[in-house]
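File shown: run-v7.cif (mmCIF, C-alpha atoms and all ligand atoms).
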```
data_work
#
loop_
_atom_site.label_atom_id
_atom_site.label_comp_id
_atom_site.auth_asym_id
_atom_site.auth_seq_id
_atom_site.Cartn_x
_atom_site.Cartn_y
_atom_site.Cartn_z
CA MET A 1 37.05 101.77 75.80
CA LEU A 2 40.75 100.92 75.76
CA GLU A 3 41.14 103.37 72.92
CA ARG A 4 39.86 106.10 75.17
CA ILE A 5 42.90 105.53 77.42
CA GLU A 6 45.33 105.68 74.53
CA GLN A 7 43.73 108.87 73.31
CA LEU A 8 44.09 110.38 76.75
CA GLU A 9 47.72 109.31 76.90
CA GLN A 10 48.54 111.08 73.66
CA GLU A 11 46.67 114.15 74.71
CA ALA A 12 48.44 114.27 78.09
CA GLU A 13 51.83 113.76 76.54
CA SER A 14 51.45 116.61 74.13
CA ALA A 15 50.04 118.82 76.89
CA LEU A 16 53.07 118.06 79.09
CA ALA A 17 55.46 118.79 76.26
CA LYS A 18 54.07 122.33 76.10
CA VAL A 19 54.55 123.01 79.79
CA SER A 20 57.30 125.56 80.38
CA ALA A 21 56.60 127.00 83.83
CA SER A 22 55.69 125.57 87.20
CA GLU A 23 52.20 127.13 87.21
CA GLU A 24 51.47 125.37 83.93
CA LEU A 25 52.79 122.17 85.40
CA GLU A 26 50.45 122.52 88.35
CA ALA A 27 47.52 123.11 85.96
CA PHE A 28 48.57 119.95 84.13
CA ARG A 29 48.63 118.02 87.39
CA VAL A 30 45.14 119.20 88.35
CA ARG A 31 43.76 118.46 84.95
CA TYR A 32 45.10 114.93 84.62
CA LEU A 33 46.03 113.67 88.04
CA GLY A 34 43.95 115.77 90.38
CA PRO A 35 40.94 114.46 92.35
CA LYS A 36 38.66 115.64 89.55
CA GLY A 37 41.15 115.00 86.79
CA ALA A 38 41.04 112.88 83.68
CA ILE A 39 42.50 109.77 85.27
CA LYS A 40 39.92 109.86 88.02
CA GLY A 41 37.35 110.28 85.23
CA LEU A 42 38.65 107.15 83.54
CA MET A 43 38.18 105.18 86.73
CA GLY A 44 34.62 106.44 86.82
CA LEU A 45 34.05 104.84 83.43
CA LEU A 46 35.04 101.45 84.78
CA LYS A 47 31.50 100.58 85.75
CA ASP A 48 30.42 100.87 82.12
CA VAL A 49 33.20 98.64 80.83
CA PRO A 50 32.10 95.12 79.78
CA ARG A 51 32.94 92.66 82.49
CA GLU A 52 35.64 90.71 80.62
CA GLN A 53 37.48 93.92 79.72
CA LYS A 54 37.48 95.32 83.23
CA PRO A 55 40.90 93.91 84.33
CA ALA A 56 42.65 95.09 81.18
CA PHE A 57 41.03 98.50 81.42
CA GLY A 58 41.92 98.90 85.09
CA GLN A 59 45.52 97.87 84.48
CA LYS A 60 45.94 100.18 81.55
CA ALA A 61 44.40 103.15 83.36
CA ASN A 62 46.66 102.56 86.35
CA GLY A 63 49.67 102.22 84.08
CA LEU A 64 48.87 105.55 82.52
CA ARG A 65 48.49 107.17 85.92
CA GLN A 66 51.93 105.96 86.99
CA LYS A 67 53.45 107.04 83.73
CA LEU A 68 52.01 110.53 84.02
CA GLU A 69 53.09 110.79 87.64
CA SER A 70 56.67 110.04 86.83
CA ALA A 71 56.66 112.26 83.75
CA LEU A 72 55.28 115.04 85.94
CA GLU A 73 57.96 114.53 88.54
CA GLU A 74 60.66 114.51 85.91
CA ARG A 75 59.32 117.73 84.49
CA ARG A 76 59.17 119.27 87.93
CA GLN A 77 62.84 118.48 88.47
CA ALA A 78 63.71 119.87 85.06
CA LEU A 79 61.89 123.09 85.87
CA GLY A 80 63.97 123.43 88.98
CA GLY A 81 61.38 122.60 91.61
CA GLY A 82 62.30 119.98 94.19
CA SER A 83 60.42 116.75 94.62
CA ALA A 84 56.82 117.24 95.64
CA SER A 85 56.30 113.85 97.13
CA ARG A 86 57.37 114.67 100.66
CA GLY A 87 55.23 117.77 100.77
CA GLU A 88 52.24 115.89 99.51
CA ALA A 89 52.67 113.10 101.97
CA SER A 90 52.28 115.46 104.86
CA GLY A 91 49.90 117.93 103.26
CA LYS A 92 47.37 115.83 101.42
CA GLY A 93 45.41 117.68 98.82
CA ARG A 94 47.07 121.02 99.36
CA ARG A 95 48.44 122.91 96.42
CA GLY A 96 51.66 124.73 95.71
CA PRO A 97 55.11 123.98 97.06
CA MET A 98 54.90 122.29 100.42
CA ILE A 99 57.91 121.77 102.56
CA ASP A 100 57.73 120.18 105.97
CA ILE A 101 60.44 122.08 107.76
CA THR A 102 60.30 119.71 110.73
CA GLU A 103 61.50 116.77 108.63
CA PRO A 104 65.16 115.91 108.95
CA GLY A 105 67.11 117.08 105.92
CA ILE A 106 69.12 114.98 103.50
CA PRO A 107 72.64 114.95 104.94
CA ALA A 108 75.17 116.44 102.54
CA GLY A 109 77.93 113.86 102.00
CA LEU A 110 81.24 114.97 103.42
CA GLY A 111 83.80 115.38 100.66
CA ARG A 112 87.38 114.24 100.89
CA ARG A 113 90.62 114.83 99.07
CA HIS A 114 91.48 112.61 96.12
CA ILE A 115 94.12 109.98 96.85
CA ILE A 116 96.53 111.64 94.44
CA THR A 117 96.23 114.92 96.31
CA ARG A 118 96.72 113.11 99.59
CA THR A 119 99.75 111.27 98.32
CA ILE A 120 101.23 114.57 97.12
CA ASN A 121 100.60 116.16 100.51
CA ASP A 122 102.14 113.15 102.26
CA LEU A 123 105.27 113.09 100.16
CA LEU A 124 105.79 116.85 100.37
CA GLU A 125 105.57 116.49 104.12
CA VAL A 126 108.22 113.75 104.15
CA PHE A 127 110.60 115.64 101.86
CA GLY A 128 109.86 118.82 103.77
CA ARG A 129 111.13 117.16 106.93
CA MET A 130 114.31 116.26 105.03
CA GLY A 131 114.82 119.91 104.18
CA PHE A 132 113.50 120.05 100.61
CA ASP A 133 111.77 123.19 99.34
CA VAL A 134 108.93 123.02 96.82
CA ALA A 135 109.36 124.23 93.23
CA THR A 136 106.93 124.32 90.29
CA GLY A 137 107.08 124.53 86.51
CA PRO A 138 104.75 124.78 83.52
CA GLU A 139 102.98 121.82 81.89
CA VAL A 140 103.51 123.27 78.42
CA GLU A 141 107.23 123.14 77.79
CA ASP A 142 109.79 123.89 75.13
CA GLU A 143 112.44 121.54 73.75
CA TRP A 144 115.19 123.15 75.75
CA HIS A 145 113.72 122.33 79.15
CA ASN A 146 112.15 118.99 78.25
CA PHE A 147 115.12 117.61 76.29
CA THR A 148 118.13 119.68 75.25
CA ALA A 149 119.27 120.97 78.64
CA LEU A 150 118.69 117.48 80.04
CA ASN A 151 121.34 116.13 77.69
CA ILE A 152 118.79 114.48 75.39
CA PRO A 153 120.27 115.15 71.92
CA PRO A 154 118.36 115.84 68.69
CA ARG A 155 116.85 112.70 67.16
CA HIS A 156 117.02 110.84 70.49
CA PRO A 157 114.11 108.35 70.67
CA ALA A 158 112.70 110.17 73.71
CA ARG A 159 111.88 113.08 71.38
CA ASP A 160 109.86 110.92 68.98
CA PRO A 161 106.49 112.53 68.11
CA LEU A 162 104.91 109.14 68.81
CA GLU A 163 106.23 109.27 72.38
CA ASN A 164 105.14 112.83 73.11
CA TYR A 165 102.25 115.22 72.86
CA TYR A 166 103.67 117.98 70.67
CA LEU A 167 101.51 121.08 70.50
CA THR A 168 103.34 122.55 67.52
CA ASP A 169 105.29 121.10 64.61
CA PRO A 170 108.03 118.94 66.19
CA ASP A 171 110.35 119.87 63.33
CA GLY A 172 109.60 123.59 63.63
CA ALA A 173 111.98 126.19 65.05
CA ASN A 174 111.05 125.93 68.75
CA PRO A 175 108.42 123.24 69.25
CA PHE A 176 106.20 123.15 72.33
CA LEU A 177 104.89 120.01 73.97
CA LEU A 178 103.09 118.82 77.06
CA ARG A 179 106.02 117.98 79.31
CA SER A 180 106.83 114.29 79.37
CA GLN A 181 108.72 114.50 82.67
CA THR A 182 109.06 116.86 85.62
CA SER A 183 112.85 116.85 85.13
CA THR A 184 112.13 120.09 83.23
CA ILE A 185 111.78 121.75 86.63
CA GLN A 186 115.38 120.83 87.56
CA ILE A 187 116.51 123.01 84.68
CA ARG A 188 114.11 125.84 85.52
CA VAL A 189 115.26 125.90 89.14
CA MET A 190 118.98 125.81 88.30
CA GLU A 191 118.57 128.52 85.67
CA LYS A 192 117.39 130.97 88.27
CA THR A 193 119.20 129.93 91.47
CA ARG A 194 122.74 129.29 92.54
CA PRO A 195 123.64 126.15 94.55
CA PRO A 196 123.23 124.76 97.11
CA ILE A 197 119.80 123.55 96.01
CA ARG A 198 117.42 121.14 97.65
CA VAL A 199 113.98 121.07 96.00
CA VAL A 200 111.14 118.74 95.11
CA ALA A 201 108.47 119.50 92.53
CA THR A 202 105.24 117.67 91.78
CA GLY A 203 103.05 117.89 88.71
CA ARG A 204 101.35 116.26 85.77
CA VAL A 205 103.25 114.73 82.88
CA TYR A 206 101.90 113.43 79.58
CA ARG A 207 102.83 110.48 77.38
CA PRO A 208 100.80 108.73 74.68
CA ASP A 209 101.01 105.41 76.54
CA GLU A 210 98.48 102.67 76.12
CA HIS A 211 96.34 102.46 79.28
CA ASP A 212 96.77 99.36 81.41
CA ALA A 213 97.02 98.47 85.11
CA THR A 214 100.23 100.48 85.59
CA HIS A 215 100.24 102.97 82.67
CA TYR A 216 98.18 106.04 81.88
CA SER A 217 98.64 108.83 79.33
CA MET A 218 98.66 111.48 82.05
CA PHE A 219 100.16 110.93 85.44
CA HIS A 220 101.98 112.78 88.18
CA GLN A 221 105.63 112.78 89.10
CA VAL A 222 107.64 114.09 91.98
CA GLU A 223 111.02 115.39 90.95
CA GLY A 224 113.86 115.90 93.40
CA LEU A 225 117.10 117.81 92.97
CA TYR A 226 119.96 118.17 95.41
CA VAL A 227 123.03 120.18 94.43
CA ASP A 228 125.94 120.97 96.71
CA ARG A 229 129.62 120.29 97.07
CA LYS A 230 130.58 116.62 97.40
CA VAL A 231 127.13 115.09 97.06
CA SER A 232 127.43 111.33 96.62
CA MET A 233 125.42 108.31 95.56
CA VAL A 234 125.18 107.39 99.24
CA ASP A 235 123.24 110.61 99.88
CA LEU A 236 120.87 109.69 97.08
CA LYS A 237 120.35 106.16 98.27
CA THR A 238 119.80 107.24 101.86
CA THR A 239 117.30 109.89 100.84
CA LEU A 240 115.23 107.52 98.71
CA ILE A 241 115.26 104.65 101.17
CA GLN A 242 114.31 106.96 104.04
CA PHE A 243 111.55 108.39 101.89
CA ALA A 244 110.18 104.96 100.98
CA ARG A 245 110.18 103.88 104.61
CA ALA A 246 108.37 107.04 105.68
CA MET A 247 105.76 106.57 102.95
CA PHE A 248 105.20 102.82 103.05
CA GLY A 249 106.41 101.74 106.47
CA ALA A 250 109.72 100.37 107.68
CA GLU A 251 108.95 96.86 106.45
CA ALA A 252 108.48 97.89 102.80
CA ASP A 253 110.75 96.10 100.34
CA VAL A 254 112.59 98.60 98.11
CA LYS A 255 115.65 98.28 95.88
CA LEU A 256 117.78 100.34 93.48
CA VAL A 257 118.73 98.76 90.16
CA PRO A 258 121.39 100.21 87.81
CA SER A 259 119.83 101.93 84.81
CA TYR A 260 120.43 104.65 82.24
CA PHE A 261 119.13 108.21 81.84
CA PRO A 262 120.77 110.89 79.66
CA PHE A 263 120.70 113.43 82.50
CA THR A 264 122.31 111.31 85.22
CA GLU A 265 125.49 109.29 85.53
CA PRO A 266 125.43 106.82 87.16
CA SER A 267 121.69 106.16 87.03
CA ALA A 268 119.36 103.77 88.81
CA GLU A 269 115.73 102.78 89.04
CA LEU A 270 113.81 102.51 92.29
CA TYR A 271 111.58 99.47 92.76
CA VAL A 272 109.10 98.59 95.46
CA LYS A 273 107.40 95.26 96.15
CA ILE A 274 103.66 95.44 95.63
CA GLU A 275 100.84 92.91 95.54
CA LEU A 276 99.33 93.01 92.06
CA GLY A 277 96.75 90.45 90.99
CA GLY A 278 97.33 88.40 94.15
CA LYS A 279 101.07 88.17 93.47
CA TRP A 280 103.91 90.08 95.14
CA GLN A 281 106.11 91.62 92.48
CA TRP A 282 108.60 94.42 91.96
CA MET A 283 107.10 97.61 90.53
CA GLU A 284 109.31 100.38 89.18
CA ILE A 285 108.39 103.65 90.82
CA GLY A 286 110.95 105.95 89.24
CA GLY A 287 114.45 106.83 88.20
CA CYS A 288 117.35 108.61 89.83
CA GLY A 289 121.05 109.24 89.61
CA MET A 290 123.92 111.69 89.94
CA VAL A 291 123.37 114.81 87.85
CA ASP A 292 125.34 114.53 84.60
CA PRO A 293 128.05 117.22 84.14
CA ALA A 294 126.46 118.09 80.76
CA VAL A 295 123.30 119.20 82.61
CA PHE A 296 125.32 121.45 84.94
CA GLU A 297 127.03 122.96 81.91
CA ALA A 298 123.67 123.62 80.23
CA VAL A 299 122.60 125.80 83.17
CA GLY A 300 125.98 127.44 83.68
CA TYR A 301 127.15 125.54 86.79
CA ASP A 302 130.77 124.46 87.01
CA PRO A 303 130.69 120.64 87.18
CA GLU A 304 134.11 120.67 88.83
CA GLU A 305 132.71 122.59 91.76
CA TRP A 306 129.19 121.23 92.06
CA SER A 307 127.75 117.75 92.33
CA GLY A 308 124.23 116.57 92.87
CA PHE A 309 121.61 113.90 92.67
CA ALA A 310 118.16 113.89 91.12
CA PHE A 311 115.17 111.61 91.06
CA GLY A 312 111.75 111.40 89.47
CA LEU A 313 109.05 109.13 90.90
CA GLY A 314 105.56 108.25 89.67
CA ILE A 315 103.02 109.53 92.18
CA GLU A 316 100.23 107.20 91.04
CA ARG A 317 102.54 104.27 91.65
CA LEU A 318 103.41 105.58 95.11
CA ALA A 319 99.67 105.83 95.79
CA MET A 320 99.07 102.32 94.44
CA ARG A 321 101.65 100.90 96.82
CA LYS A 322 100.55 102.99 99.77
CA TYR A 323 96.82 102.38 99.42
CA ASN A 324 96.95 98.91 97.85
CA ILE A 325 95.36 99.88 94.56
CA PRO A 326 96.02 97.24 91.88
CA ASP A 327 95.00 99.34 88.86
CA ILE A 328 96.10 102.90 88.02
CA ARG A 329 92.94 103.45 85.95
CA TRP A 330 90.80 103.40 89.09
CA LEU A 331 92.48 106.63 90.13
CA PHE A 332 90.97 108.48 87.18
CA GLU A 333 87.56 106.88 86.77
CA ASN A 334 86.21 108.97 89.62
CA ASP A 335 83.80 106.30 90.71
CA VAL A 336 82.50 107.78 93.96
CA ARG A 337 82.27 104.34 95.59
CA PHE A 338 86.00 103.86 95.01
CA LEU A 339 86.94 107.39 96.08
CA LYS A 340 84.86 107.09 99.24
CA SER A 341 86.59 103.92 100.34
CA PHE A 342 89.78 105.78 101.30
N1 LIG B 401 112.52 111.81 84.09
C1 LIG B 401 112.59 110.37 84.23
C2 LIG B 401 111.35 109.75 83.65
O1 LIG B 401 110.40 110.43 83.45
C3 LIG B 401 112.72 109.99 85.66
C4 LIG B 401 114.00 110.41 86.25
C5 LIG B 401 115.10 109.58 86.18
C6 LIG B 401 114.09 111.62 86.86
C7 LIG B 401 116.31 109.96 86.70
C8 LIG B 401 115.31 112.02 87.43
C9 LIG B 401 116.41 111.17 87.32
O2 LIG B 401 115.46 113.19 88.03
O3 LIG B 401 117.56 111.57 87.90
O4 LIG B 401 111.32 108.57 83.42
#
```

Since I need it in another form, could you write the structure as C-alpha cells?
Amino acid sequence: MLERIEQLEQEAESALAKVSASEELEAFRVRYLGPKGAIKGLMGLLKDVPREQKPAFGQKANGLRQKLESALEERRQALGGGSASRGEASGKGRRGPMIDITEPGIPAGLGRRHIITRTINDLLEVFGRMGFDVATGPEVEDEWHNFTALNIPPRHPARDPLENYYLTDPDGANPFLLRSQTSTIQIRVMEKTRPPIRVVATGRVYRPDEHDATHYSMFHQVEGLYVDRKVSMVDLKTTLIQFARAMFGAEADVKLVPSYFPFTEPSAELYVKIELGGKWQWMEIGGCGMVDPAVFEAVGYDPEEWSGFAFGLGIERLAMRKYNIPDIRWLFENDVRFLKSF
C-alpha cells in the first residue's frame, strides 16, 4: 500500500517536470490535487489499508499532498502566474486565475536614497552654501592626472602596482588605472579653467585595501580646490571646521594634524571623534593642505601669482560619523534591513 504512494510520487514528479505552460499546470493540478484527483483517490484507499498501517499511510499520503501543493505553487511562480492561494480562498473550486479585486493590495515598500547618496547630497549642499561649484572627472585615469601632475614622481610608493588597480601594463608607455584619489579632478579643472577657482568634486576611488571596519577597496571621496590670490592656511582651516560643524553638529570634535602629501605644502589630516566599538576615538576622515607650487606649474599657473588650498575627504567615513555606523562594510552589503533603518 505504501508503495502505491511512492509510485504516485514519482509519477507526479515526472509529470510536473514536463509542464511548460499554465494550462498544462492546471491539468496537472486537476489530475493530482483536484477533488477527483489521485491524492483524493489515495485517501479513498484508506479503508482497505490494514488497521496497523493506517496512521503511516495517512501521514504519507498527506505528506505527498503537501509536497505536490508546494511544488505546484513553485512551478506556478516560475511560469509567471501569481499565487493562486488568495483566489482559491475566496472562490472555492473555481478554475482559472481568480483575483479578488476587493482585497487590499500588497503595499509597495517606499524606496529611499542610499546613505552614501544622501551624504553626498548633504555635503554638496554645505559646500554649495560656501560658494563651491561642482566638478566631475573620469574613474579611469592616466598617470599624468593620478600621479605626475600631482607631484608624485616615478617610482614613488603611491604608484606601486600593489597599491593600485592598473588596467594596463604599469610599465607601459601611458598606463591607465582606476583612479586612487579624486585629486585627479583638481588637475582636470585647472587644466581647463583660469583662477579664481572654487570647486568640490565627489566620486568613487579604488585601492586594493584589505576590507575591515574602516577600509574598503572602493569608496567615495569629496575633493575640494580653492585657488585665488593670497589664500592662506586659515582659509583652509575655517572652511573644513565650518564644514564639519554643518555636517556633524556644532559639538562635534574635529582636529587638524600635520601630515605629508606630495601635492600640498604644508599638509594636514582632518580627524573627527567617533564612537567605534563602544569607545570614542579619533578617526581620520581625509587630507588637506596648501597646493604645492609644483602642481601649479604642472597646469601652467604661475605659483608666484596664485595660491590655494585643497582637501580630499572619505565620504563613507563622513557617513559613518554622521549616521553612527561602526563598520564601513555595512554600507555595501545592501542588507535591506540596514538600509531601511535610516
Ligand atoms: N588624495 C589624498 C588621499 O587620497 C587626500 C588628499 C590630501 C586630498 C590632501 C587633497 C589634499 O586634496 O590636499 O589620501

Draw an axis-aligned box over all listed atoms of ligand LIG 401 (chain B), pad each side with 8 Å, and write its centre and edge lengths in Å, one decimal, as lines of an AutoDock Vina configuration file.
```
center_x = 114.0
center_y = 110.9
center_z = 85.7
size_x = 23.2
size_y = 20.6
size_z = 20.6
```

Legend entry - Within-6 Å shell of (104.3, 109.0, 89.2) in input frame, all atoms listed in the file, as a VMD selection string: chain A and resid 219 to 221 313 to 317

Legend entry - Pick from A:Thr264, A:Gln77, A:Ser22, A:Thr214 nearest to ligand LIG 401 (chain B), counting only C-alpha atoms and all ligand atoms: A:Thr264

Inset, instruction - Point out the residue among A:Pro154, A:Gly41, A:Gly287, A:Pro303 with the least atom-to-atom distance to Val257 in chain A, counting only C-alpha atoms. - result: A:Gly287

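With CA of Phe311 in chain A on one side and CA of Asp209 in chain A on the other, the separation reads 21.2 Å.
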
Legend entry - Contacts with ligand LIG 401 (chain B) at most 6 Å, all atoms listed in the file counted, listed as an NGL selection string: :A and (181 or 183 or 223 or 261 or 264 or 286-289 or 310-312)

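Using only C-alpha atoms, the shortest contact distance between Pro208 in chain A and any of A:Arg129, A:Arg179, A:Lys36, A:Arg75 is found at A:Arg179.
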
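The residue that comes closest to Phe338 in chain A, out of A:His114, A:Thr182, A:Leu123, A:Gly224 and on the basis of all atoms listed in the file, is A:His114.
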
Inset, instruction - Check the smallest atom-to-atom distance from each of A:Ile328, A:Ile101, A:Leu64, A:Ile39 to Glu9 in chain A using all atoms listed in the file, then report the winner. - result: A:Leu64

Using 12 Å as the limit and counting all atoms listed in the file, can you tabulate each residue of range 68-164 of chain A that touches range 15-18 of chain A, with its shortest atom-to-atom distance in Å and the two atoms involved, as CSV?
```
residue,atom,partner,partner_atom,distance
A:Leu68,CA,A:Leu16,CA,9.1
A:Glu69,CA,A:Leu16,CA,11.2
A:Ser70,CA,A:Leu16,CA,11.7
A:Ala71,CA,A:Leu16,CA,8.3
A:Leu72,CA,A:Leu16,CA,7.8
A:Glu73,CA,A:Leu16,CA,11.2
A:Glu74,CA,A:Leu16,CA,10.8
A:Arg75,CA,A:Leu16,CA,8.3
A:Arg76,CA,A:Leu16,CA,10.8
```

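If you measure from each of A:Arg204, A:Lys322, A:Pro97, A:Asn146 to Ala246 in chain A using all atoms listed in the file, the closest one turns out to be A:Lys322.
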
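Distance-wise, CA of Ala319 in chain A and CA of Ile115 in chain A end up 7.0 Å apart.
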
Name all residues at most 12 Å from Ala298 in chain A (count all atoms listed in the file; drop same-chain ones fewer than 6 positions away) and give them as a PDB file with C-alpha atoms, in the frame of the given file.
```pdb
ATOM      1  CA  TRP A 144     115.190 123.150  75.750  1.00  0.00           C
ATOM      2  CA  HIS A 145     113.720 122.330  79.150  1.00  0.00           C
ATOM      3  CA  PHE A 147     115.120 117.610  76.290  1.00  0.00           C
ATOM      4  CA  THR A 148     118.130 119.680  75.250  1.00  0.00           C
ATOM      5  CA  ALA A 149     119.270 120.970  78.640  1.00  0.00           C
ATOM      6  CA  LEU A 150     118.690 117.480  80.040  1.00  0.00           C
ATOM      7  CA  ASN A 151     121.340 116.130  77.690  1.00  0.00           C
ATOM      8  CA  ILE A 152     118.790 114.480  75.390  1.00  0.00           C
ATOM      9  CA  GLN A 186     115.380 120.830  87.560  1.00  0.00           C
ATOM     10  CA  ILE A 187     116.510 123.010  84.680  1.00  0.00           C
ATOM     11  CA  ARG A 188     114.110 125.840  85.520  1.00  0.00           C
ATOM     12  CA  MET A 190     118.980 125.810  88.300  1.00  0.00           C
ATOM     13  CA  GLU A 191     118.570 128.520  85.670  1.00  0.00           C
ATOM     14  CA  PHE A 263     120.700 113.430  82.500  1.00  0.00           C
ATOM     15  CA  VAL A 291     123.370 114.810  87.850  1.00  0.00           C
ATOM     16  CA  ASP A 292     125.340 114.530  84.600  1.00  0.00           C
TER      17      ASP A 292
END
```
